[in-house]
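Q: The structure is given below, and queries will be raised subsequently.
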Amino acid sequence: MSKNPTPLDRVREYEREQAMKVSADERPLFHLTPLVGWMNDPNGFCWYKGQYHLFYQYHPFSRQWGPMHWGHAVSEDLLHWTYMPCALAPDTAADAGGCFSGSAVEMPDGRLLLAYTGVQPAGTFRRETQAQCVAVGDGIDFEKSLLNPVVRHAHLPEGYSEFDFRDPKIWREGDVYQMAVANRHEEKQGAILLMESRDGLDWHFVAELDASCNEYGRMWECPDFFPIDGKQALLVSPQEMHAREEFHAGYGTVAILGQYDKKEHTFTRESVQPVDHGLTFYASQTTLAPDGRRILIGWMDSWETCKEAPRRHPWYAQMSMPREVFIENGRLCQRPVREIETLWQDAVRHDHVTLQDEISLPGVNGRLLDLNVTLNAQGSACRRFTLLVAKDASHYVQIRCDLARGELVFDRSHGGSHRDIAHTRHVKAEEREGKLTLRLLMDKESIELFVNGGERVVTSLIPTPLEADGITFAADAPIDLSVEAHHLK
Ligand code: FRU
């Protein structure tokens, strides 16, 4: 280390020491965890110079949220990640209170531009404020602009907040940079604003893309805005939602689908749905893969429960599985990135088993599994199908399908938690031409459930001991069941 180490040098030194102490076995197989300490939102997700880069909200020095840094990892397949040195530390006047969430885009000259929220700490007569900063680099080292913060409250029309103003998502549109950034308007509450710049430094306000108007929560965080299969998607993570329709109360994820007039900068809503229905999914962000797939990743945790969650490892929290998103029947759907197939081992198939009562199937067990279940309900009197996973004598996680109501209940109440928190989610799961399909991706302490080819997704951490690896299937009347399981390595 140099004689006068900067705060970032110190973090990087600490990372080098800590990296040796954590073995790969102590981590999930294919979900990204922080090198050490705490992680929340994915940031700066991009494909840059032949690799995916994923940055993350990071507090290296403890397993609780603290002064925010940007951690960094790279991958070629979205499954195996290599840690890179910490990218940003809160070390300038513009971000002394933290380098909050943001995004990345390649510049025309080949450098990488990071846009993030600089938090300016409270003073004696001032509350903490938020504004947008930029840093430019080669994919490893980044230099913050001396002009930071480059997007300030003063750029905005009246009514928008300087306290809740964060999480810039940037992209290039022709030869200009555009940014969708979250704010909280004094009447409309959560709002997403469009900003524009020719050089990434000099920004101006263009339009408000959409606002909650108290329908979908209060503050909106972590926006993303992209075209997909003939529609435009605006993704936001609202705080303080009231339960309504398919949305649960509290922190949520919302996809607003609509049409976007690029010239007029007007976004017209057509439909609104949750991105993920699970217990632990938030702050998602997407990037475009070189082959044109739109890939989504989220923080696989929840602000409602993370503080008290067990700290069993030198790191805390993980990212979700990266997912390909697509539109089907007017909904934003997701499937695990197809790269997962490179981890498949020992395929086990059981075709057309007539299920009744509770059974287990030879070879179908484990906590590292890509499990596909197809129920063919045609002609069956079965009303209730129950799948138990992560099961032993005292634990199980239950996925219960009520075929008459077209509803699924995900229930981790017996998954090993000692806390009185939400453990269940109810999700629509209707048969499609007599069939219901469930795909479960299990990576030790997490389950991601894709219903009917990804029309609904339920993501949940489970605290269940890893020895609980049994799986059983049960039905209240005979039903045709097919199972394909791939162990993952
Ligand atoms: C969302 C969020 C962001 C913020 C970051 C701070 O989870 O609250 O709005 O930038 O976390 O760590």
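Chain identifiers are assigned as A, B, and so on, following the order in which chains appear in the structure tokens; residues are numbered from 1 within each chain, and ligands are numbered from 1 in order of appearance.
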Do a neighbour search on Ser212 of chain A at 8 Å with only C-alpha atoms, toss out local chain neighbours closer than 6 positions, and write the hits as a ChimeraX atom specification.

A: /A:188-191,218,220

Q: For Ala93 of chain A, find every residue with an atom within 10 Å (counting only C-alpha atoms), except residues of its own chain fewer than 2 positions away, and show them as a list in words.

A: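 My reading of the contact set: Pro90, Asp91, Asp95, Ala96, Gly97, Gly118, Val119, Gln120, Pro121, Leu146, Asn148 and Pro149 of chain A.
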
Q: Separation of atom CA of Gln64 of chain A and atom CA of Thr424 of chain A, in Å?

A: 25.2 Å

Q: Using only C-alpha atoms, which residue out of A:Thr33, A:Gln398, A:Gln378, A:Ser2 lies closest to Gly470 of chain A?

A: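 That would be A:Gln398, the residue with the smallest distance to Gly470 of chain A.
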
Q: Atom CA of Trp344 of chain A and atom CA of Met300 of chain A are how many Å apart?

A: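 Calculated distance between atom CA of Trp344 of chain A and atom CA of Met300 of chain A is 22.4 Å.
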
Q: Which polymer residues have any atom within 6 Å of an atom of segment 405-415 of chain A, counting only C-alpha atoms, with same-chain residues fewer than 5 positions away left out, as a list of chain:residue names?

A: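 Listing them by chain and then by number gives A:His395, A:Tyr396, A:Val397, A:Gln398, A:Ile399, A:Arg400, A:His423, A:Thr424, A:Arg425, A:His426, A:Val427, A:Lys428, A:Ala429, A:Glu430, A:Thr464.
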
Q: All residues within 9 Å of ligand 1 are required, counting only C-alpha atoms and all ligand atoms; please report them as a PyMOL selection string.

A: chain A and resi 39-42+57-58+65-69+98-102+116-117+164-168+182+219-222+237+239+282-283+299+302-303

Q: Go through segment 224-339 of chain A and flag each residue having an atom no more than 8 Å from segment 195-210 of chain A; for those, report the closest pair of atoms plus their distance in Å to one decimal, using only C-alpha atoms, ordered by chain and rising number, as CSV.

A:
residue,atom,partner,partner_atom,distance
A:His265,CA,A:Ala207,CA,6.6
A:Thr266,CA,A:Leu209,CA,6.4
A:Phe267,CA,A:Leu209,CA,5.8

Q: Taking C-alpha atoms for each residue, export the selection above as a PDB file, in the first residue's frame.

A:
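As written to disk, result-v7.pdb reads:
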ATOM      1  CA  HIS A 265     -40.693  11.522 -24.043  1.00  0.00           C
ATOM      2  CA  THR A 266     -44.111  10.312 -22.998  1.00  0.00           C
ATOM      3  CA  PHE A 267     -44.625   6.925 -21.434  1.00  0.00           C
TER       4      PHE A 267
END

Q: Based on DSSP run over this structure's backbone, return all residues of segment 202-395 of chain A in strand (DSSP E or B), as a VMD selection string.

A: chain A and resid 203 to 211 220 to 228 231 to 238 241 244 247 250 254 to 261 266 to 274 282 to 288 294 to 299 315 to 316 319 323 to 328 331 to 336 344 to 359 368 to 376 384 to 391

Q: Create the file for the chosen residues now, containing C-alpha atoms and written as a short mmCIF file (atom, residue, chain, number, x, y, z; two decimals), in the first residue's frame.

A:
data_model
loop_
_atom_site.label_atom_id
_atom_site.label_comp_id
_atom_site.auth_asym_id
_atom_site.auth_seq_id
_atom_site.Cartn_x
_atom_site.Cartn_y
_atom_site.Cartn_z
CA TRP A 203 -27.33 17.25 -17.59
CA HIS A 204 -30.78 18.73 -18.03
CA PHE A 205 -34.27 17.65 -17.02
CA VAL A 206 -36.43 16.31 -19.86
CA ALA A 207 -39.64 14.82 -18.46
CA GLU A 208 -41.32 12.91 -15.69
CA LEU A 209 -41.83 9.39 -17.05
CA ASP A 210 -44.33 8.19 -14.47
CA ALA A 211 -45.34 8.68 -10.84
CA TRP A 220 -39.86 4.65 -5.78
CA GLU A 221 -36.30 3.31 -5.83
CA CYS A 222 -33.98 1.74 -8.40
CA PRO A 223 -35.68 2.48 -11.73
CA ASP A 224 -34.93 0.74 -14.99
CA PHE A 225 -36.42 1.69 -18.35
CA PHE A 226 -36.03 -0.40 -21.50
CA PRO A 227 -37.83 -1.67 -24.61
CA ILE A 228 -38.80 -5.33 -24.60
CA LYS A 231 -43.36 -2.75 -25.27
CA GLN A 232 -41.52 -0.41 -22.96
CA ALA A 233 -40.91 -1.53 -19.38
CA LEU A 234 -40.44 0.78 -16.43
CA LEU A 235 -39.28 -1.17 -13.38
CA VAL A 236 -39.31 0.40 -9.93
CA SER A 237 -38.93 -0.78 -6.35
CA PRO A 238 -41.52 1.05 -4.23
CA MET A 241 -46.92 -0.17 -0.64
CA ARG A 244 -53.65 -4.44 -3.47
CA PHE A 247 -49.08 -6.72 -4.62
CA GLY A 250 -44.30 -3.04 2.23
CA VAL A 254 -43.25 -3.26 -9.87
CA ALA A 255 -43.08 -3.58 -13.65
CA ILE A 256 -45.10 -0.98 -15.52
CA LEU A 257 -45.55 -1.97 -19.15
CA GLY A 258 -46.59 0.50 -21.78
CA GLN A 259 -45.69 2.43 -24.87
CA TYR A 260 -42.99 5.04 -25.09
CA ASP A 261 -42.90 7.93 -27.52
CA THR A 266 -44.11 10.31 -23.00
CA PHE A 267 -44.63 6.93 -21.43
CA THR A 268 -48.18 5.56 -21.48
CA ARG A 269 -49.08 2.82 -19.02
CA GLU A 270 -50.85 -0.30 -20.23
CA SER A 271 -50.45 -2.68 -17.30
CA VAL A 272 -48.83 -2.95 -13.89
CA GLN A 273 -47.58 -6.17 -12.24
CA PRO A 274 -45.10 -7.30 -9.61
CA TYR A 282 -35.79 -6.08 -4.39
CA ALA A 283 -33.99 -3.33 -6.31
CA SER A 284 -33.70 -5.19 -9.61
CA GLN A 285 -31.64 -3.95 -12.51
CA THR A 286 -31.21 -5.18 -16.09
CA THR A 287 -28.60 -5.20 -18.79
CA LEU A 288 -28.49 -6.21 -22.41
CA ARG A 294 -32.40 -8.58 -21.53
CA ILE A 295 -31.04 -9.94 -18.24
CA LEU A 296 -32.52 -9.01 -14.88
CA ILE A 297 -30.94 -9.43 -11.46
CA GLY A 298 -32.14 -8.32 -8.04
CA TRP A 299 -31.03 -8.20 -4.45
CA TRP A 315 -20.43 -12.21 4.16
CA TYR A 316 -24.10 -11.27 4.27
CA MET A 319 -28.00 -11.54 -5.54
CA ARG A 323 -32.95 -14.07 -15.46
CA GLU A 324 -33.90 -13.56 -19.08
CA VAL A 325 -36.97 -11.38 -19.33
CA PHE A 326 -39.54 -11.51 -22.11
CA ILE A 327 -43.16 -10.57 -22.75
CA GLU A 328 -45.80 -13.27 -23.03
CA ARG A 331 -46.90 -9.90 -18.96
CA LEU A 332 -43.24 -9.49 -18.16
CA CYS A 333 -42.00 -13.05 -17.66
CA GLN A 334 -38.66 -14.42 -16.53
CA ARG A 335 -36.63 -17.58 -16.86
CA PRO A 336 -33.23 -18.41 -15.37
CA TRP A 344 -26.51 -29.59 -14.92
CA GLN A 345 -25.32 -33.01 -13.71
CA ASP A 346 -27.05 -36.35 -13.38
CA ALA A 347 -30.42 -35.69 -14.98
CA VAL A 348 -33.24 -37.64 -13.37
CA ARG A 349 -36.60 -38.04 -15.12
CA HIS A 350 -39.85 -39.52 -13.96
CA ASP A 351 -42.46 -39.28 -16.70
CA HIS A 352 -46.18 -39.67 -16.21
CA VAL A 353 -46.20 -40.90 -12.66
CA THR A 354 -49.72 -41.25 -11.34
CA LEU A 355 -49.46 -39.38 -8.10
CA GLN A 356 -51.65 -39.88 -5.10
CA ASP A 357 -50.85 -39.63 -1.43
CA GLU A 358 -47.32 -38.52 -0.57
CA ILE A 359 -44.33 -39.94 -2.46
CA LEU A 368 -28.52 -27.74 -5.39
CA LEU A 369 -31.14 -28.50 -7.93
CA ASP A 370 -32.92 -27.32 -11.05
CA LEU A 371 -36.27 -29.07 -10.64
CA ASN A 372 -39.03 -29.06 -13.25
CA VAL A 373 -42.45 -30.31 -12.28
CA THR A 374 -45.33 -30.69 -14.76
CA LEU A 375 -48.81 -31.48 -13.56
CA ASN A 376 -51.25 -32.65 -16.17
CA ARG A 384 -54.69 -29.94 -4.20
CA PHE A 385 -51.08 -30.69 -5.09
CA THR A 386 -48.34 -30.26 -2.50
CA LEU A 387 -44.63 -30.16 -3.08
CA LEU A 388 -42.36 -30.23 -0.03
CA VAL A 389 -38.68 -29.38 -0.43
CA ALA A 390 -35.76 -28.83 1.97
CA LYS A 391 -37.38 -31.51 4.08
#

Q: What gap, in Å, lies between atom CA of Arg27 of chain A and atom CA of Asp301 of chain A?

A: 15.5 Å
